[in-house]
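These notes concern the structure reproduced below.
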Amino acid sequence: MTTSVGKVLAAVRSLLAGGGAFIVGNSLLGIVLPLRMAAAEYPVMLIGLIMAAYYAGLALGGNYGKRIILRVGHIRAFAAFAAVLATTALAYPMLFTAVAWIALRFINGFCIAGLQATIESWLNDRSSNATRGRVLGLYMMTFYLAVASGQVLVNVADVDGPELFMLAAALIALALVPVALTSLGAPALAGHRRLSVRTLYANSPVGVVGAGVAGMLVGSFYGLGVVFARGIGLDVAQSALFMTMVVVGGFGFQWPIGMLADRFDRRIVLAAVLTMVGVAWAFVAFASVSALSLPTLLGLAVLFGGAISSVYPICVAQAFDRLDRAHYVSASGRLLMIYALGAMAGPLLASAVMAVRGPYSFFAFESVVAVGFAVFVGYGVWRRPPIPADQQEPFVAVSSVTPVAADLDPRCDGPAARPV
């Protein structure tokens with residue numbers, strides 16, 4: 001019997017509320033920090049280094065956060081991660097030095113990985129095989145709306161003051177309320193069969209390389225996109241709107257691109273998406289130097305956001321098509337690790353290019369990475385036959401933060417769950 005969306009939502013609403021609150025706070029930090037550094041005239045390479053530290057923490061937290069959860073339990077782990085993250089948010093304006101901010105960003109990323117691992121494993125426990133897809137859909141919708149809301153909140157106070165950091169800390173602290181008061185039992189974090197990166201690459205070169213490229217594109221944009229926007233003359237409110245439209249594009253394009261990826265050779269769809277990244281940035285560059293209207297620039301941001309947000313899920317689907325189902329969760333963890341490494345490298349490489357060539361070279365960096373990978377994908381299409389459409393796993397918009405989220409993926413054989 002089909003379970004209603006209302007019943008599914010009732011079972012997980014406290015978890016979604018808590019997850020949404022800390023994601024809003026973290027998203028606000030993600031835009032305030034580069035704006036604050038740009039206003040202080042930090043060199044763009046230093047900004048890139050500080051923002052890259054977040055993804056280093058994210059990668060480590062994705063691997064080790066699960067151990068902390070297993071040791072102390074879900075509610076205690078969530079409370080600890082949230083408390084440290086809120087403290088970190090308050091420490092930023094008091095310790096405004098490059099070395100301190102690198103350390104704080106690393107801690108920030110580690111805590112976010114731990115928080116999301118806690119929420120995602122809990123959501124999986126509250127899902128049955130029949131409802132897991134809808135729970136993942138609600139979670140991803142919450143995620144995108146929370147990220148967009150955090151971007152918009154940058155307009156409520158002056159970037160140079162401490163108020164936005166205080167607001168971010170308050171939102172993160174509020175995440176504790178619905179989770180601490182939940183009556184849900186603690187779930188189990190099950191083990192899965194291991195899979196080496198070498199074996200994964202042998203089965204799906206496009207999936208492995210694509211995970212790293214997706215990380216480079218997303219990491220460099222969310223680390224330096226607002227610096228680019230300020231560099232081309234947008235004010236703080238317009239820069240925040242530009243970033244928000246990228247998130248809106250990521251949310252809106254998942255379904256249509258996923259539908260195409262399920263009907264045609266995923267590699268061809270992926271190459272088209274990557275080409276769309278290059279074309280969108282070419283038009284952004286043209287809009288920037290030709291003084292086109294802000295609505296045009298925002299429309300291009302939606303197109304670009306939809307494209308870069310679709311690269312990772314397509315690569316996961318491409319890898320799953322060529323693996324045994326027993327390896328899906330392990331493969332997801334490996335791909336997330338590669339994604340995090342790419343996201344670390346992205347801000348470093350992009351900032352180095354921008355330091356030499358100026359803010360307009362940011363679009364060139366993103367375009368070269370995307371189009372270069374599109375050529376690699378095209379070569380793979382020529383060398384290797386496609387998987388027939390009726391033998392493909394369905395496209396799913398997946399999280400790119402923690403390997404625990406793979407258990408929510410309806411394509412994976414998750415552990416036994418309580419029905420909702």
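Identifiers in this document derive from the order of the structure tokens: chains are assigned A, B, ..., residues are numbered from 1 separately in each chain, and ligands are numbered from 1 in order of occurrence.
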Hey, what's within 9 Å of Phe78 of chain A if we count only C-alpha atoms and toss same-chain stuff fewer than 4 positions away? As a PyMOL selection string, please?
chain A and resi 69+73-74+82-83+114-116+118-119+176+179-180
Within 9 Å of segment 207-227 of chain A, which residues of segment 332-392 of chain A come that close, and what is the closest atom pair and distance in Å for each? Count only C-alpha atoms and give it as JSON lines.
```
{"residue": "A:Arg334", "atom": "CA", "partner": "A:Val208", "partner_atom": "CA", "distance": 8.5}
{"residue": "A:Leu335", "atom": "CA", "partner": "A:Ala211", "partner_atom": "CA", "distance": 5.9}
{"residue": "A:Leu336", "atom": "CA", "partner": "A:Ala211", "partner_atom": "CA", "distance": 7.3}
{"residue": "A:Met337", "atom": "CA", "partner": "A:Gly212", "partner_atom": "CA", "distance": 8.7}
{"residue": "A:Ile338", "atom": "CA", "partner": "A:Gly212", "partner_atom": "CA", "distance": 5.2}
{"residue": "A:Tyr339", "atom": "CA", "partner": "A:Gly215", "partner_atom": "CA", "distance": 4.5}
{"residue": "A:Ala340", "atom": "CA", "partner": "A:Gly215", "partner_atom": "CA", "distance": 6.0}
{"residue": "A:Leu341", "atom": "CA", "partner": "A:Gly212", "partner_atom": "CA", "distance": 6.7}
{"residue": "A:Gly342", "atom": "CA", "partner": "A:Gly215", "partner_atom": "CA", "distance": 4.4}
{"residue": "A:Ala343", "atom": "CA", "partner": "A:Gly215", "partner_atom": "CA", "distance": 4.0}
{"residue": "A:Met344", "atom": "CA", "partner": "A:Gly219", "partner_atom": "CA", "distance": 6.7}
{"residue": "A:Ala345", "atom": "CA", "partner": "A:Met216", "partner_atom": "CA", "distance": 6.3}
{"residue": "A:Gly346", "atom": "CA", "partner": "A:Met216", "partner_atom": "CA", "distance": 4.1}
{"residue": "A:Pro347", "atom": "CA", "partner": "A:Ser220", "partner_atom": "CA", "distance": 4.2}
{"residue": "A:Leu348", "atom": "CA", "partner": "A:Ser220", "partner_atom": "CA", "distance": 7.8}
{"residue": "A:Leu349", "atom": "CA", "partner": "A:Ser220", "partner_atom": "CA", "distance": 8.2}
{"residue": "A:Ala350", "atom": "CA", "partner": "A:Ser220", "partner_atom": "CA", "distance": 6.3}
{"residue": "A:Ser351", "atom": "CA", "partner": "A:Leu224", "partner_atom": "CA", "distance": 7.6}
{"residue": "A:Pro359", "atom": "CA", "partner": "A:Val227", "partner_atom": "CA", "distance": 7.8}
{"residue": "A:Phe362", "atom": "CA", "partner": "A:Gly225", "partner_atom": "CA", "distance": 8.2}
{"residue": "A:Glu366", "atom": "CA", "partner": "A:Leu217", "partner_atom": "CA", "distance": 6.2}
{"residue": "A:Val369", "atom": "CA", "partner": "A:Val213", "partner_atom": "CA", "distance": 7.1}
{"residue": "A:Ala370", "atom": "CA", "partner": "A:Val213", "partner_atom": "CA", "distance": 7.5}
{"residue": "A:Phe373", "atom": "CA", "partner": "A:Val213", "partner_atom": "CA", "distance": 7.4}
{"residue": "A:Val377", "atom": "CA", "partner": "A:Gly210", "partner_atom": "CA", "distance": 8.8}
```
Keeping only N, CA and C atoms, take the residues you just selected and write them out as a tab-separated table (two decimals), in the first residue's frame.
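Contents of selection.tsv, as written:
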```tsv
chain	number	residue	atom	x	y	z
A	334	ARG	N	33.36	6.14	-1.82
A	334	ARG	CA	34.57	6.45	-2.59
A	334	ARG	C	34.35	7.67	-3.47
A	335	LEU	N	33.21	7.75	-4.11
A	335	LEU	CA	32.93	8.89	-4.99
A	335	LEU	C	32.84	10.19	-4.18
A	336	LEU	N	32.26	10.11	-2.98
A	336	LEU	CA	32.20	11.30	-2.13
A	336	LEU	C	33.58	11.76	-1.70
A	337	MET	N	34.47	10.80	-1.42
A	337	MET	CA	35.84	11.15	-1.06
A	337	MET	C	36.52	11.88	-2.22
A	338	ILE	N	36.35	11.35	-3.43
A	338	ILE	CA	36.94	11.98	-4.61
A	338	ILE	C	36.32	13.36	-4.85
A	339	TYR	N	35.00	13.45	-4.64
A	339	TYR	CA	34.31	14.74	-4.77
A	339	TYR	C	34.90	15.77	-3.80
A	340	ALA	N	35.12	15.36	-2.55
A	340	ALA	CA	35.66	16.27	-1.54
A	340	ALA	C	37.07	16.72	-1.90
A	341	LEU	N	37.88	15.81	-2.42
A	341	LEU	CA	39.23	16.18	-2.85
A	341	LEU	C	39.17	17.18	-4.00
A	342	GLY	N	38.26	16.97	-4.93
A	342	GLY	CA	38.08	17.93	-6.02
A	342	GLY	C	37.60	19.28	-5.51
A	343	ALA	N	36.68	19.24	-4.53
A	343	ALA	CA	36.17	20.50	-3.96
A	343	ALA	C	37.25	21.25	-3.21
A	344	MET	N	38.22	20.51	-2.65
A	344	MET	CA	39.36	21.15	-1.99
A	344	MET	C	40.27	21.82	-3.02
A	345	ALA	N	40.51	21.11	-4.12
A	345	ALA	CA	41.42	21.62	-5.15
A	345	ALA	C	40.80	22.79	-5.91
A	346	GLY	N	39.49	22.79	-6.07
A	346	GLY	CA	38.83	23.81	-6.89
A	346	GLY	C	39.11	25.24	-6.46
A	347	PRO	N	38.84	25.61	-5.19
A	347	PRO	CA	39.12	26.99	-4.77
A	347	PRO	C	40.60	27.36	-4.87
A	348	LEU	N	41.49	26.39	-4.61
A	348	LEU	CA	42.92	26.68	-4.69
A	348	LEU	C	43.34	27.01	-6.12
A	349	LEU	N	42.90	26.19	-7.06
A	349	LEU	CA	43.27	26.40	-8.46
A	349	LEU	C	42.60	27.65	-9.03
A	350	ALA	N	41.31	27.81	-8.73
A	350	ALA	CA	40.58	28.97	-9.26
A	350	ALA	C	41.15	30.27	-8.71
A	351	SER	N	41.50	30.30	-7.43
A	351	SER	CA	42.05	31.53	-6.84
A	351	SER	C	43.42	31.84	-7.42
A	359	PRO	N	39.31	38.80	-11.81
A	359	PRO	CA	38.05	38.10	-11.51
A	359	PRO	C	37.40	37.47	-12.73
A	362	PHE	N	37.72	33.73	-13.64
A	362	PHE	CA	36.99	32.68	-12.91
A	362	PHE	C	36.09	31.90	-13.85
A	366	GLU	N	36.21	27.72	-14.76
A	366	GLU	CA	35.07	26.81	-14.71
A	366	GLU	C	34.78	26.20	-16.08
A	369	VAL	N	37.51	23.55	-17.14
A	369	VAL	CA	37.34	22.29	-16.40
A	369	VAL	C	36.15	21.51	-16.96
A	370	ALA	N	35.03	22.20	-17.17
A	370	ALA	CA	33.81	21.53	-17.64
A	370	ALA	C	33.97	21.00	-19.06
A	373	PHE	N	36.44	18.07	-19.35
A	373	PHE	CA	35.85	16.79	-18.94
A	373	PHE	C	34.83	16.31	-19.97
A	377	VAL	N	34.61	12.65	-21.55
A	377	VAL	CA	33.39	11.85	-21.60
A	377	VAL	C	33.10	11.41	-23.04
```
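Using only C-alpha atoms, the nearest neighbour of Tyr54 of chain A within the list A:Met37, A:Ile112, A:Met94, A:Ile23 is A:Ile112.
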Could you check how far atom CA of Asp324 of chain A sits from atom CA of Asp262 of chain A, in Å to one decimal?
18.4 Å
Excluding Ser309 of chain A and its own-chain neighbours fewer than 2 positions away, which residues fall within 9 Å of it when counting only C-alpha atoms? Please give them as number ranges by chain.
A: 214, 218, 246-247, 249-251, 253-254, 304-307, 311-313
Proximity to Tyr360 of chain A - best of A:Phe165, A:Trp122, A:Phe283, A:Trp255, only C-alpha atoms
A:Phe283
